[in-house]
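K.L.:
What follows is target04.txt; its format and atoms are compact mmCIF, C-alpha atoms and all ligand atoms.
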# COMPACT_ATOMS: atom_id res chain seq x y z
CA SER A 269 -4.00 15.85 17.80
CA SER A 270 -6.09 12.89 18.93
CA GLN A 271 -4.24 9.82 20.13
CA ARG A 272 -6.34 7.06 18.62
CA PHE A 273 -3.36 4.68 18.43
CA ALA A 274 -1.68 5.37 21.77
CA GLY A 275 0.23 2.31 22.97
CA GLN A 276 -0.33 0.35 19.74
CA ASN A 277 2.23 -1.01 17.30
CA ALA A 278 1.73 -0.35 13.60
CA LEU A 279 3.56 -2.37 10.93
CA ILE A 280 3.96 -0.55 7.61
CA THR A 281 5.39 -2.16 4.46
CA GLY A 282 6.83 -0.04 1.69
CA ALA A 283 7.49 2.30 4.61
CA ALA A 284 10.36 4.11 2.89
CA GLY A 285 8.13 5.12 -0.04
CA ASN A 286 5.98 8.22 -0.43
CA ILE A 287 2.70 6.86 0.85
CA GLY A 288 4.23 4.56 3.48
CA LEU A 289 6.23 7.36 5.06
CA ALA A 290 3.31 9.81 5.01
CA VAL A 291 1.08 7.25 6.75
CA ALA A 292 3.84 6.42 9.25
CA LYS A 293 4.03 10.09 10.23
CA ARG A 294 0.29 10.29 10.71
CA LEU A 295 0.06 7.11 12.82
CA ALA A 296 3.00 8.26 14.96
CA SER A 297 1.34 11.66 15.46
CA GLU A 298 -1.65 9.75 16.87
CA GLY A 299 0.53 7.79 19.27
CA ALA A 300 1.45 4.56 17.44
CA ASN A 301 4.87 2.97 17.69
CA LEU A 302 6.17 2.02 14.27
CA ILE A 303 7.58 -1.07 12.61
CA LEU A 304 8.93 -0.16 9.18
CA PHE A 305 9.55 -2.77 6.47
CA ASP A 306 11.14 -1.94 3.13
CA LEU A 307 13.67 -3.33 0.67
CA ASN A 308 15.53 -0.05 0.27
CA ALA A 309 17.92 0.13 3.24
CA GLU A 310 19.09 3.69 2.65
CA LYS A 311 15.60 5.20 2.27
CA LEU A 312 14.41 3.13 5.22
CA GLU A 313 17.09 4.59 7.48
CA GLU A 314 16.15 8.11 6.31
CA ALA A 315 12.53 7.39 7.18
CA ARG A 316 13.51 6.13 10.63
CA SER A 317 15.51 9.23 11.45
CA GLN A 318 12.55 11.45 10.50
CA LEU A 319 10.13 9.40 12.56
CA VAL A 320 12.06 8.98 15.82
CA SER A 321 11.96 12.76 16.17
CA LEU A 322 8.17 12.38 16.67
CA GLY A 323 8.92 10.69 19.99
CA VAL A 324 7.63 7.18 19.26
CA ASP A 325 9.51 3.86 19.17
CA VAL A 326 10.62 2.87 15.68
CA HIS A 327 11.83 -0.57 14.61
CA ASN A 328 13.24 -1.06 11.10
CA ALA A 329 13.58 -4.25 9.08
CA ILE A 330 14.90 -4.73 5.59
CA CYS A 331 12.34 -7.22 4.36
CA ASP A 332 11.37 -8.43 0.91
CA VAL A 333 7.62 -9.05 1.04
CA THR A 334 7.89 -11.65 -1.73
CA ASP A 335 9.98 -13.89 0.54
CA TYR A 336 7.67 -15.62 3.03
CA ALA A 337 10.46 -16.79 5.35
CA SER A 338 11.89 -13.28 5.48
CA VAL A 339 8.46 -11.83 6.38
CA GLU A 340 8.01 -14.40 9.17
CA LYS A 341 11.45 -13.65 10.58
CA ALA A 342 11.03 -9.87 10.40
CA VAL A 343 7.60 -9.98 12.06
CA ASP A 344 8.94 -12.24 14.79
CA GLU A 345 11.88 -9.93 15.51
CA ALA A 346 9.65 -6.84 15.43
CA GLU A 347 7.27 -8.30 18.00
CA LYS A 348 10.22 -9.30 20.18
CA ALA A 349 11.45 -5.70 20.03
CA LEU A 350 8.17 -3.76 20.41
CA GLY A 351 5.43 -6.23 21.38
CA PRO A 352 2.23 -7.33 19.60
CA ILE A 353 1.33 -5.82 16.22
CA GLY A 354 -2.27 -4.59 16.24
CA LEU A 355 -2.22 -2.43 13.13
CA LEU A 356 -0.98 -3.39 9.65
CA PHE A 357 -0.65 -1.04 6.68
CA ASN A 358 0.08 -3.47 3.85
CA ASN A 359 1.43 -1.09 1.27
CA ALA A 360 4.61 -2.22 -0.55
CA GLY A 361 4.09 -2.11 -4.29
CA TYR A 362 5.55 -1.98 -7.78
CA GLN A 363 3.83 -0.49 -10.83
CA GLY A 364 5.26 -2.86 -13.45
CA ALA A 365 5.69 -2.48 -17.17
CA PHE A 366 3.44 -0.57 -19.55
CA ALA A 367 2.55 -2.59 -22.64
CA PRO A 368 -0.60 -4.00 -24.21
CA ILE A 369 -1.39 -7.47 -22.96
CA HIS A 370 -0.30 -9.16 -26.22
CA GLU A 371 3.18 -7.67 -25.76
CA TYR A 372 3.39 -7.64 -21.95
CA PRO A 373 6.68 -9.14 -20.65
CA PRO A 374 5.78 -12.37 -18.81
CA GLU A 375 8.60 -12.11 -16.28
CA ASP A 376 7.44 -8.60 -15.29
CA PHE A 377 3.84 -9.81 -14.90
CA ALA A 378 5.07 -12.47 -12.48
CA ARG A 379 7.17 -9.94 -10.58
CA VAL A 380 4.24 -7.52 -10.13
CA VAL A 381 2.00 -10.34 -8.88
CA GLN A 382 4.76 -11.49 -6.50
CA ILE A 383 5.18 -8.05 -4.93
CA ASP A 384 1.70 -6.52 -5.05
CA LEU A 385 -0.54 -9.54 -4.49
CA ILE A 386 1.47 -12.42 -3.06
CA GLY A 387 3.51 -10.01 -0.92
CA ALA A 388 0.29 -8.56 0.52
CA PHE A 389 -0.94 -12.09 1.24
CA HIS A 390 2.35 -12.96 2.99
CA LEU A 391 1.92 -10.05 5.42
CA ILE A 392 -1.71 -10.86 6.14
CA ARG A 393 -0.89 -14.55 6.57
CA VAL A 394 1.88 -13.98 9.11
CA VAL A 395 0.39 -11.06 11.01
CA SER A 396 -3.23 -12.25 11.14
CA GLU A 397 -2.26 -15.63 12.59
CA ARG A 398 -0.91 -13.69 15.56
CA MET A 399 -3.86 -11.26 15.63
CA VAL A 400 -6.35 -14.15 15.68
CA LYS A 401 -4.79 -15.48 18.89
CA ARG A 402 -5.16 -12.05 20.52
CA LYS A 403 -8.58 -11.34 19.01
CA PHE A 404 -7.53 -7.88 17.89
CA GLY A 405 -6.38 -6.46 14.58
CA ARG A 406 -6.92 -3.69 12.03
CA ILE A 407 -5.51 -4.08 8.53
CA VAL A 408 -5.47 -1.71 5.57
CA ASN A 409 -4.22 -2.90 2.17
CA THR A 410 -3.06 -0.49 -0.51
CA ALA A 411 -4.89 -1.41 -3.70
CA SER A 412 -5.34 1.23 -6.45
CA MET A 413 -8.03 2.56 -8.75
CA ALA A 414 -6.28 0.16 -11.16
CA GLY A 415 -7.79 -2.59 -8.98
CA LEU A 416 -11.34 -1.31 -9.44
CA GLN A 417 -11.29 -0.29 -13.13
CA GLY A 418 -8.88 -2.08 -15.47
CA PRO A 419 -6.42 0.46 -16.92
CA PRO A 420 -4.99 -0.05 -20.42
CA ASN A 421 -1.38 -1.25 -20.76
CA MET A 422 -1.04 -2.20 -17.08
CA GLY A 423 -1.78 -5.93 -17.18
CA GLY A 424 0.47 -6.88 -14.28
CA TYR A 425 -0.53 -4.01 -12.02
CA GLY A 426 -4.25 -3.97 -12.80
CA SER A 427 -4.54 -7.73 -12.35
CA SER A 428 -2.58 -7.68 -9.09
CA LYS A 429 -4.54 -4.78 -7.62
CA PHE A 430 -7.88 -6.42 -8.54
CA GLY A 431 -6.40 -9.35 -6.61
CA VAL A 432 -5.68 -7.11 -3.62
CA VAL A 433 -9.33 -5.98 -3.60
CA GLY A 434 -10.36 -9.65 -3.57
CA LEU A 435 -7.82 -10.48 -0.87
CA THR A 436 -9.32 -7.68 1.23
CA GLU A 437 -12.85 -9.04 0.88
CA VAL A 438 -11.88 -12.64 1.61
CA SER A 439 -9.67 -11.70 4.57
CA ALA A 440 -12.39 -9.47 6.02
CA LYS A 441 -14.77 -12.45 6.04
CA ASP A 442 -12.28 -14.96 7.41
CA LEU A 443 -11.06 -12.63 10.15
CA ALA A 444 -14.33 -10.97 11.21
CA PRO A 445 -14.96 -13.60 13.94
CA TYR A 446 -11.70 -12.58 15.62
CA ASN A 447 -12.25 -8.83 15.99
CA ILE A 448 -10.02 -8.15 13.00
CA ARG A 449 -11.14 -5.65 10.36
CA VAL A 450 -9.59 -5.62 6.88
CA ASN A 451 -10.10 -2.72 4.48
CA GLY A 452 -8.31 -1.19 1.52
CA ILE A 453 -7.56 2.10 -0.13
CA ALA A 454 -7.61 2.75 -3.87
CA PRO A 455 -5.56 5.85 -4.68
CA GLY A 456 -6.14 7.24 -8.15
CA LEU A 457 -3.85 9.69 -9.93
CA MET A 458 -1.47 10.98 -7.28
CA GLY A 459 1.22 13.55 -7.90
CA PRO A 460 3.56 15.13 -8.36
CA GLY A 461 5.98 12.24 -7.91
CA PHE A 462 7.86 9.35 -9.39
CA MET A 463 4.86 7.08 -10.02
CA TRP A 464 2.94 9.86 -11.79
CA ASP A 465 5.89 10.86 -14.02
CA ARG A 466 6.68 7.23 -14.78
CA GLN A 467 3.12 6.39 -15.71
CA VAL A 468 2.66 9.45 -17.94
CA GLU A 469 5.92 8.81 -19.75
CA LEU A 470 5.36 5.08 -20.19
CA GLN A 471 1.70 5.41 -21.26
CA ALA A 472 2.83 7.89 -23.93
CA LYS A 473 5.35 5.37 -25.24
CA THR A 474 2.84 2.53 -25.62
CA GLY A 475 1.34 4.17 -28.74
CA SER A 476 -2.11 2.97 -27.68
CA GLN A 477 -5.37 4.57 -28.78
CA TYR A 478 -6.04 5.68 -25.21
CA PHE A 479 -3.27 8.24 -24.80
CA SER A 480 -1.30 10.76 -26.83
CA ALA A 481 2.34 10.02 -27.67
CA ASN A 482 3.20 13.36 -26.06
CA PRO A 483 3.65 13.07 -22.26
CA GLU A 484 2.43 16.65 -21.64
CA GLU A 485 -0.74 15.80 -23.53
CA VAL A 486 -1.11 12.53 -21.57
CA LYS A 487 -1.07 14.53 -18.33
CA LYS A 488 -3.97 16.66 -19.59
CA GLN A 489 -5.88 13.59 -20.79
CA MET A 490 -5.49 11.84 -17.44
CA VAL A 491 -6.38 14.85 -15.29
CA GLY A 492 -9.30 15.55 -17.66
CA SER A 493 -10.76 12.15 -16.75
CA VAL A 494 -10.92 13.12 -13.05
CA PRO A 495 -14.17 14.85 -11.99
CA MET A 496 -12.25 17.10 -9.57
CA ARG A 497 -9.82 17.99 -12.42
CA ARG A 498 -6.64 17.68 -10.38
CA LEU A 499 -4.20 15.09 -9.10
CA GLY A 500 -4.45 13.88 -5.56
CA THR A 501 -1.57 14.56 -3.21
CA VAL A 502 0.15 12.09 -0.92
CA GLU A 503 -1.11 14.17 2.03
CA GLU A 504 -4.68 13.20 1.10
CA ILE A 505 -4.03 9.54 1.93
CA PRO A 506 -2.91 9.23 5.59
CA GLY A 507 -6.14 10.54 7.12
CA VAL A 508 -8.15 7.89 5.26
CA VAL A 509 -5.79 5.08 6.32
CA ALA A 510 -5.84 6.31 9.93
CA PHE A 511 -9.65 6.42 9.86
CA LEU A 512 -9.89 2.84 8.56
CA LEU A 513 -7.38 1.62 11.16
CA SER A 514 -9.15 3.43 13.98
CA ASP A 515 -12.25 2.64 16.00
CA ASP A 516 -14.01 5.44 14.09
CA ALA A 517 -14.41 2.74 11.43
CA SER A 518 -15.53 0.08 13.92
CA TYR A 519 -18.38 -1.24 11.70
CA ILE A 520 -16.47 -1.10 8.39
CA THR A 521 -14.73 -4.17 6.98
CA GLY A 522 -14.05 -5.61 3.52
CA VAL A 523 -14.28 -2.21 1.86
CA THR A 524 -11.80 -0.66 -0.60
CA MET A 525 -12.14 3.10 -0.41
CA PRO A 526 -11.35 5.10 -3.57
CA ILE A 527 -9.19 8.20 -3.04
CA SER A 528 -9.55 9.42 -6.57
CA GLY A 529 -11.26 12.80 -6.93
CA GLY A 530 -14.53 11.22 -8.06
P1 LIG A 601 6.97 4.24 -3.70
O1 LIG A 601 7.68 3.61 -4.84
O2 LIG A 601 7.40 5.57 -3.20
O3 LIG A 601 6.91 3.23 -2.46
C1 LIG A 601 6.85 1.84 -2.60
C2 LIG A 601 7.82 1.23 -1.60
O4 LIG A 601 7.69 -0.19 -1.64
C3 LIG A 601 9.29 1.57 -1.93
O5 LIG A 601 9.92 2.16 -0.80
C4 LIG A 601 9.89 0.21 -2.27
O6 LIG A 601 11.24 0.09 -1.86
C5 LIG A 601 8.97 -0.74 -1.51
N1 LIG A 601 9.02 -2.09 -2.07
C6 LIG A 601 8.96 -2.45 -3.37
N2 LIG A 601 9.07 -3.77 -3.50
C7 LIG A 601 9.20 -4.28 -2.25
C8 LIG A 601 9.36 -5.60 -1.72
N3 LIG A 601 9.41 -6.65 -2.54
N4 LIG A 601 9.46 -5.74 -0.39
C9 LIG A 601 9.43 -4.67 0.42
N5 LIG A 601 9.28 -3.40 -0.01
C10 LIG A 601 9.18 -3.22 -1.34
O7 LIG A 601 5.44 4.31 -4.17
P2 LIG A 601 4.14 4.79 -3.37
O8 LIG A 601 3.42 5.71 -4.25
O9 LIG A 601 4.45 5.18 -1.98
O10 LIG A 601 3.33 3.41 -3.37
C11 LIG A 601 2.83 2.77 -2.23
C12 LIG A 601 1.64 1.91 -2.63
O11 LIG A 601 0.63 2.74 -3.19
C13 LIG A 601 1.95 0.85 -3.68
O12 LIG A 601 1.26 -0.35 -3.34
C14 LIG A 601 1.37 1.44 -4.95
O13 LIG A 601 1.03 0.46 -5.88
C15 LIG A 601 0.17 2.17 -4.40
N6 LIG A 601 -0.37 3.23 -5.24
C16 LIG A 601 0.34 4.33 -5.54
C17 LIG A 601 -0.22 5.31 -6.34
C18 LIG A 601 0.55 6.53 -6.73
O14 LIG A 601 0.15 7.22 -7.67
N7 LIG A 601 1.63 6.87 -6.04
C19 LIG A 601 -1.51 5.16 -6.83
C20 LIG A 601 -2.22 4.02 -6.50
C21 LIG A 601 -1.64 3.07 -5.69
Step by step, read the file and then write its structure as C-alpha cells.
Ligand code: NAD

P.N.:
Amino acid sequence: SSQRFAGQNALITGAAGNIGLAVAKRLASEGANLILFDLNAEKLEEARSQLVSLGVDVHNAICDVTDYASVEKAVDEAEKALGPIGLLFNNAGYQGAFAPIHEYPPEDFARVVQIDLIGAFHLIRVVSERMVKRKFGRIVNTASMAGLQGPPNMGGYGSSKFGVVGLTEVSAKDLAPYNIRVNGIAPGLMGPGFMWDRQVELQAKTGSQYFSANPEEVKKQMVGSVPMRRLGTVEEIPGVVAFLLSDDASYITGVTMPISGG
C-alpha cells in the first residue's frame, strides 16, 4: 500500500470504538505512528495489541475529552513519547437519548454537547496550538449526517453534530494561514453494529410519527430512505478519512464529507 503518512504521528480519539479502530488500522497501514485516546481502558488495550502487530509505534492514553486539563496532559505526554502530532482524527462521540425535544432529558443534552462538541473543541484547541507553531497540521472531525439534516428525537446529538460542522468551518478559516487543513466526515446509517441497533430500538420506542413502533419495520424505513438502499459499513470510512488527512486533499479545507449512500 502507499505510505502517505510515513514518519507522521496520528492522534485518534474514540480510538477503541468501531470507527476509531478502523481508521487507526488504515493510517498505520500507510505508515503513521498512532496515539490512541479513549475512556474505555480495556477496549483501548485490545486496540493497541491489534495495532502494534502492524509494526508501527503505538502510544495509549486513557483520556476523557470533556476534561480540558486531561486532554492537555495526555497530548503533552504523547508528544514526549512519540514526537509532534501532525494528524488528528477527532472522533470520540456519544449518541445520547432518543426523545422528542419537549421531553428530552436536560442532563443528557448537556452530556452529549460536552462529549461531541466541547470535547472536539478541546482536542482542536490543544493540538492546533502546537500545529500552528510548526506550520503543519491535518485534522478530520467526525460529525454525522445528523449534523447536516436534523433527525427527529435526537436533540442532543443533532445539535452537537451541527456544532461540529460549524467548528470545522471556523477552525478551517482560523488555521488556514498556518498550513493546517480541517475537514469533517458525516457518516449516515452505518451497520451492523451497536449504534445502528441502539438507534433502531430507541427510535421505535419514541412513538413518533416518523418511525414504526416495531424495530424491524424501523430498519426497513431507515434503509428505504437511503438512495443506495443499504447501510454503510465501517470499512467504507477509513479511506475517506485517510484521503482528507493526506496531501491528495491538499486544496480541501472546511468541508464535511457525507458518507451516506446518497
Ligand atoms: P463507538 O461507540 O464504537 O466509539 C466511540 C468511542 O468513543 C468509544 O470507544 C468510547 O469509549 C469513546 N468515548 C466516548 N466518550 C468519550 C470521552 N468522553 N472521552 C474519550 N472517549 C470517549 O462508536 P463509533 O461508531 O465508532 O463512533 C465514532 C464516531 O462516529 C462518533 O463521533 C459518532 O458520533 C460518529 N458516528 C457514528 C455513526 C455510526 O452509525 N456508527 C454514524 C455517524 C457518526

K.L.:
Assuming 6 Å of padding per side, give the centre and edge lengths of the axis-aligned box around every listed atom of ligand LIG 601 (chain A), in Å to one decimal and as lines of an AutoDock Vina configuration file.

P.N.:
center_x = 4.5
center_y = 0.3
center_z = -3.6
size_x = 25.5
size_y = 25.9
size_z = 20.1

K.L.:
If the limit is 6 Å from any atom of ligand LIG 601 (chain A), counting only C-alpha atoms and all ligand atoms, which residues qualify? Return them as a list in words.

P.N.:
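Using only C-alpha atoms and all ligand atoms, everything at most 6 Å from ligand LIG 601 (chain A) comes to Gly282, Ala283, Ala284, Gly285, Asn286, Ile287, Gly288, Asp306, Leu307, Asn308, Cys331, Asp332, Val333, Thr334, Asn359, Ala360, Gly361, Tyr362, Gln363, Ile383, Thr410, Ala411, Ser412, Pro455, Gly456, Leu457, Met458, Met463 and Trp464 of chain A.
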
K.L.:
Can you measure atom CA of A:Leu279 to atom CA of A:Ile407 for me? One decimal in Å is fine.

P.N.:
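About the pair atom CA of A:Leu279 and atom CA of A:Ile407: they are 9.5 Å apart.
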
K.L.:
One number please: atom CA of A:Ala388 to atom CA of A:Arg294, in Å, one decimal.

P.N.:
21.4 Å

K.L.:
Write out as a ChimeraX atom specification the residues lying within 12 Å of stretch 486-495 of chain A, counting all atoms listed in the file and excluding same-chain residues fewer than 2 positions away.

P.N.:
/A:413,419,456-460,464-484,497-500,527-530

K.L.:
Report the distance between atom CA of A:Thr501 and atom CA of A:Gly461 in Å, rounded to one decimal place.

P.N.:
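We find that atom CA of A:Thr501 and atom CA of A:Gly461 lie 9.2 Å from each other.
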
K.L.:
Determine the nearest neighbour of A:Ala444 from the options A:Ser396, A:Asn328, A:Gln276, A:Thr524, counting all atoms listed in the file.

P.N.:
A:Ser396

K.L.:
Nearest residue to A:Lys341 out of A:Ala329, A:Ala309, A:Glu485, A:Ile386, using only C-alpha atoms?

P.N.:
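Of all the options, A:Ala329 lies closest to A:Lys341.
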
K.L.:
Give me the residues near A:Lys348 as JSON, numbers by chain, where near means some atom within 12 Å (using only C-alpha atoms) and where sequence neighbours in that chain fewer than 5 positions away do not count.

P.N.:
{"A": [277, 303, 327, 341, 342, 343, 353]}

K.L.:
Calculated over only C-alpha atoms, which of the candidates A:Ser297, A:Glu375, A:Lys311, A:Ser321 has the smallest distance to A:Gln271?

P.N.:
A:Ser297

K.L.:
Tell me which of A:Asp325, A:Asp515, A:Glu347, A:Glu310 sits closest to A:Phe404, counting only C-alpha atoms.

P.N.:
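Smallest distance to A:Phe404 is found for A:Asp515.
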
K.L.:
Choose the residue, out of A:Gln382, A:Asn421, A:Thr521, A:Ser428, that has the smallest atom-to-atom separation from A:Ala440; count all atoms listed in the file.

P.N.:
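Using all atoms listed in the file, the shortest distance to A:Ala440 belongs to A:Thr521.
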